[in-house]
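Student: Sharing a structure here in structure tokens format.
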Amino acid sequence: MPALVCSAKNCRYNDSMYCCKGEIEVGGKQAQICEETSCESFYERTGDSMKDSCGCGHADRTIGIQCAAVNCEYNDKCVCVADHVDISGAGACCSDETECVTFCGK
């Protein structure tokens with residue numbers, strides 16, 4: 001599983017730049033550049049961050065990533081095989097405002 005760092009601090013699954021969701025999905029089936037991808041698992045944190053945190057356990061440095069971006073060299077049958085993945089979206093309020101910075105076109 002890839003090591004994942006996520007800057008989407010407004011996501012309820014973000015815990016100190018790591019994800020506590022367990023597995024995420026990257027979208028962007030037609031993507032040719034990273035800006036055309038997104039973290040489809042993004043879920044906006046609303047209200048008090050402690051009350052709206054994921055509550056699903058602890059954040060992991062490595063995580064399973066399902067990936068629809070078939071034009072990425074790290075996509076192997078819709079699973080990400082990169083060693084390290086960065087998801088950006090520091091001020092994101094929805095999944096469309098996130099992206100997989102690790103995307104690398106074939």
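We label chains A, B, ... in the order they appear in the structure tokens, count residues from 1 in each chain, and number ligands from 1 in the order shown.
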Write out as a list of chain:residue names all residues of chain A that backbone DSSP assigns to helix (DSSP H, G or I).

Tutor: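 These are the residues in question: A:Cys34, A:Glu35, A:Glu36, A:Ser95, A:Asp96, A:Glu97.
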
Student: Show which residues sit within 12 Å of A:Tyr18, as an NGL selection string. Count only C-alpha atoms, and ignore same-chain residues fewer than 6 positions away.

Tutor: :A and (2-9 or 11-12 or 24 or 54 or 57-63 or 85-88)

Student: For the selection you just gave me, I'd like the residues written to a file as a compact mmCIF listing (two decimals), in the first residue's frame, keeping N, CA and C atoms.

Tutor:
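This is the output file again_23.txt:
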```
# COMPACT_ATOMS: atom_id res chain seq x y z
N PRO A 2 0.43 2.26 -0.72
CA PRO A 2 1.21 3.51 -0.78
C PRO A 2 1.21 4.27 0.54
N ALA A 3 2.29 4.99 0.77
CA ALA A 3 2.32 5.95 1.86
C ALA A 3 1.56 7.17 1.37
N LEU A 4 0.60 7.65 2.13
CA LEU A 4 -0.27 8.74 1.71
C LEU A 4 -0.11 9.94 2.63
N VAL A 5 0.09 11.10 2.03
CA VAL A 5 0.08 12.37 2.76
C VAL A 5 -1.01 13.21 2.12
N CYS A 6 -1.87 13.78 2.96
CA CYS A 6 -3.02 14.52 2.46
C CYS A 6 -3.08 15.91 3.08
N SER A 7 -3.16 16.93 2.23
CA SER A 7 -3.24 18.30 2.74
C SER A 7 -4.68 18.82 2.79
N ALA A 8 -5.66 17.97 2.52
CA ALA A 8 -7.07 18.38 2.56
C ALA A 8 -7.54 18.38 4.02
N LYS A 9 -7.13 19.40 4.75
CA LYS A 9 -7.41 19.48 6.19
C LYS A 9 -8.88 19.63 6.50
N CYS A 11 -11.15 17.76 5.30
CA CYS A 11 -11.78 16.45 5.16
C CYS A 11 -11.92 15.80 6.54
N ARG A 12 -13.07 15.24 6.81
CA ARG A 12 -13.29 14.63 8.12
C ARG A 12 -12.40 13.43 8.36
N ILE A 24 -9.08 4.84 0.19
CA ILE A 24 -9.68 5.96 -0.54
C ILE A 24 -9.83 5.62 -2.02
N CYS A 54 -13.32 11.84 12.06
CA CYS A 54 -13.78 10.60 11.45
C CYS A 54 -14.29 9.58 12.45
N GLY A 57 -11.13 5.31 13.98
CA GLY A 57 -9.85 4.71 14.36
C GLY A 57 -8.73 5.70 14.17
N HIS A 58 -7.54 5.18 14.07
CA HIS A 58 -6.37 6.05 13.95
C HIS A 58 -5.96 6.22 12.49
N ALA A 59 -5.30 7.31 12.23
CA ALA A 59 -4.82 7.59 10.87
C ALA A 59 -3.63 6.70 10.56
N ASP A 60 -3.53 6.26 9.31
CA ASP A 60 -2.44 5.41 8.88
C ASP A 60 -1.56 6.14 7.87
N ARG A 61 -0.29 5.83 7.91
CA ARG A 61 0.65 6.39 6.94
C ARG A 61 0.56 5.68 5.60
N THR A 62 0.11 4.45 5.60
CA THR A 62 -0.10 3.72 4.35
C THR A 62 -1.59 3.39 4.24
N ILE A 63 -2.07 3.34 3.01
CA ILE A 63 -3.51 3.17 2.81
C ILE A 63 -3.76 2.56 1.43
N VAL A 85 2.04 8.71 -2.21
CA VAL A 85 0.99 9.48 -2.87
C VAL A 85 0.71 10.75 -2.06
N ASP A 86 0.61 11.87 -2.77
CA ASP A 86 0.24 13.15 -2.16
C ASP A 86 -1.12 13.57 -2.71
N ILE A 87 -2.06 13.83 -1.81
CA ILE A 87 -3.36 14.39 -2.17
C ILE A 87 -3.35 15.84 -1.71
N SER A 88 -3.63 16.77 -2.62
CA SER A 88 -3.66 18.18 -2.25
C SER A 88 -5.10 18.65 -2.16
```

Student: Leaving out stretch 100-102 of chain A and any residue of its chain fewer than 2 positions from it, which residues lie within 10 Å of it when counting only C-alpha atoms, given as a VMD selection string?

Tutor: chain A and resid 6 26 to 28 33 to 39 67 69 72 to 74 82 to 89 98 104 to 105

Student: Could you tell me how far atom CA of A:Val79 lies from atom CA of A:Gln66, in Å and to one decimal?

Tutor: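 Going from atom CA of A:Val79 over to atom CA of A:Gln66, I get 4.6 Å.
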
Student: Could you jot down the atom CA of A:Ala92 to atom CA of A:Gly47 separation for me, Å, one decimal place?

Tutor: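 Taking atom CA of A:Ala92 as the start and atom CA of A:Gly47 as the end point, the length is 14.9 Å.
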
Student: What parts of chain A does DSSP call strand (DSSP E)? I'd like the answer as an NGL selection string.

Tutor: :A and (3-6 or 14-15 or 18-19 or 23-27 or 38-39 or 64-67 or 84-88 or 99-100)

Student: Would you put the residues from that selection into a file with N, CA and C atoms, as a PDB file, in the first residue's frame?

Tutor:
```
ATOM      1  N   ALA A   3       2.288   4.989   0.770  1.00  0.00           N
ATOM      2  CA  ALA A   3       2.321   5.954   1.861  1.00  0.00           C
ATOM      3  C   ALA A   3       1.556   7.174   1.367  1.00  0.00           C
ATOM      4  N   LEU A   4       0.603   7.646   2.126  1.00  0.00           N
ATOM      5  CA  LEU A   4      -0.269   8.744   1.707  1.00  0.00           C
ATOM      6  C   LEU A   4      -0.109   9.940   2.630  1.00  0.00           C
ATOM      7  N   VAL A   5       0.093  11.099   2.034  1.00  0.00           N
ATOM      8  CA  VAL A   5       0.083  12.365   2.764  1.00  0.00           C
ATOM      9  C   VAL A   5      -1.012  13.209   2.116  1.00  0.00           C
ATOM     10  N   CYS A   6      -1.865  13.780   2.959  1.00  0.00           N
ATOM     11  CA  CYS A   6      -3.021  14.520   2.457  1.00  0.00           C
ATOM     12  C   CYS A   6      -3.081  15.906   3.079  1.00  0.00           C
ATOM     13  N   ASN A  14      -9.152  13.417   7.574  1.00  0.00           N
ATOM     14  CA  ASN A  14      -7.776  13.893   7.716  1.00  0.00           C
ATOM     15  C   ASN A  14      -7.427  14.029   9.194  1.00  0.00           C
ATOM     16  N   ASP A  15      -6.346  13.363   9.576  1.00  0.00           N
ATOM     17  CA  ASP A  15      -5.861  13.434  10.949  1.00  0.00           C
ATOM     18  C   ASP A  15      -4.365  13.725  10.894  1.00  0.00           C
ATOM     19  N   TYR A  18      -2.667  12.651   7.641  1.00  0.00           N
ATOM     20  CA  TYR A  18      -2.832  11.246   7.296  1.00  0.00           C
ATOM     21  C   TYR A  18      -4.316  10.926   7.257  1.00  0.00           C
ATOM     22  N   CYS A  19      -4.667   9.808   6.660  1.00  0.00           N
ATOM     23  CA  CYS A  19      -6.069   9.459   6.457  1.00  0.00           C
ATOM     24  C   CYS A  19      -6.488   8.344   7.419  1.00  0.00           C
ATOM     25  N   GLU A  23      -9.343   3.220   3.311  1.00  0.00           N
ATOM     26  CA  GLU A  23      -9.065   3.100   1.883  1.00  0.00           C
ATOM     27  C   GLU A  23      -9.742   4.274   1.186  1.00  0.00           C
ATOM     28  N   ILE A  24      -9.084   4.844   0.189  1.00  0.00           N
ATOM     29  CA  ILE A  24      -9.680   5.962  -0.540  1.00  0.00           C
ATOM     30  C   ILE A  24      -9.831   5.617  -2.017  1.00  0.00           C
ATOM     31  N   GLU A  25     -10.571   6.458  -2.716  1.00  0.00           N
ATOM     32  CA  GLU A  25     -10.751   6.311  -4.154  1.00  0.00           C
ATOM     33  C   GLU A  25     -10.358   7.614  -4.846  1.00  0.00           C
ATOM     34  N   VAL A  26      -9.472   7.493  -5.817  1.00  0.00           N
ATOM     35  CA  VAL A  26      -9.066   8.642  -6.629  1.00  0.00           C
ATOM     36  C   VAL A  26      -9.858   8.595  -7.925  1.00  0.00           C
ATOM     37  N   GLY A  27     -10.457   9.707  -8.276  1.00  0.00           N
ATOM     38  CA  GLY A  27     -11.225   9.801  -9.510  1.00  0.00           C
ATOM     39  C   GLY A  27     -10.441  10.513 -10.590  1.00  0.00           C
ATOM     40  N   SER A  38      -9.139  13.697  -8.567  1.00  0.00           N
ATOM     41  CA  SER A  38      -9.707  14.163  -7.300  1.00  0.00           C
ATOM     42  C   SER A  38      -9.768  13.000  -6.319  1.00  0.00           C
ATOM     43  N   CYS A  39      -9.828  13.332  -5.042  1.00  0.00           N
ATOM     44  CA  CYS A  39     -10.053  12.317  -4.021  1.00  0.00           C
ATOM     45  C   CYS A  39     -11.560  12.186  -3.865  1.00  0.00           C
ATOM     46  N   GLY A  64      -4.806   1.780   1.303  1.00  0.00           N
ATOM     47  CA  GLY A  64      -5.204   1.247   0.011  1.00  0.00           C
ATOM     48  C   GLY A  64      -5.839   2.347  -0.823  1.00  0.00           C
ATOM     49  N   ILE A  65      -5.485   2.413  -2.102  1.00  0.00           N
ATOM     50  CA  ILE A  65      -6.022   3.455  -2.973  1.00  0.00           C
ATOM     51  C   ILE A  65      -6.579   2.832  -4.245  1.00  0.00           C
ATOM     52  N   GLN A  66      -7.891   2.882  -4.392  1.00  0.00           N
ATOM     53  CA  GLN A  66      -8.544   2.502  -5.637  1.00  0.00           C
ATOM     54  C   GLN A  66      -8.425   3.711  -6.560  1.00  0.00           C
ATOM     55  N   CYS A  67      -8.112   3.500  -7.820  1.00  0.00           N
ATOM     56  CA  CYS A  67      -7.846   4.635  -8.694  1.00  0.00           C
ATOM     57  C   CYS A  67      -8.515   4.466 -10.049  1.00  0.00           C
ATOM     58  N   HIS A  84       4.547   6.322  -2.842  1.00  0.00           N
ATOM     59  CA  HIS A  84       4.137   7.477  -2.054  1.00  0.00           C
ATOM     60  C   HIS A  84       3.112   8.280  -2.854  1.00  0.00           C
ATOM     61  N   VAL A  85       2.043   8.707  -2.211  1.00  0.00           N
ATOM     62  CA  VAL A  85       0.991   9.485  -2.867  1.00  0.00           C
ATOM     63  C   VAL A  85       0.709  10.747  -2.058  1.00  0.00           C
ATOM     64  N   ASP A  86       0.614  11.873  -2.771  1.00  0.00           N
ATOM     65  CA  ASP A  86       0.236  13.146  -2.164  1.00  0.00           C
ATOM     66  C   ASP A  86      -1.117  13.567  -2.714  1.00  0.00           C
ATOM     67  N   ILE A  87      -2.061  13.828  -1.808  1.00  0.00           N
ATOM     68  CA  ILE A  87      -3.356  14.387  -2.172  1.00  0.00           C
ATOM     69  C   ILE A  87      -3.348  15.836  -1.710  1.00  0.00           C
ATOM     70  N   SER A  88      -3.628  16.767  -2.618  1.00  0.00           N
ATOM     71  CA  SER A  88      -3.662  18.182  -2.248  1.00  0.00           C
ATOM     72  C   SER A  88      -5.102  18.655  -2.162  1.00  0.00           C
ATOM     73  N   GLU A  99      -6.852  16.970  -5.483  1.00  0.00           N
ATOM     74  CA  GLU A  99      -6.228  16.292  -6.627  1.00  0.00           C
ATOM     75  C   GLU A  99      -5.111  15.381  -6.146  1.00  0.00           C
ATOM     76  N   CYS A 100      -4.825  14.391  -6.964  1.00  0.00           N
ATOM     77  CA  CYS A 100      -3.720  13.486  -6.693  1.00  0.00           C
ATOM     78  C   CYS A 100      -2.488  14.074  -7.382  1.00  0.00           C
TER      79      CYS A 100
END
```
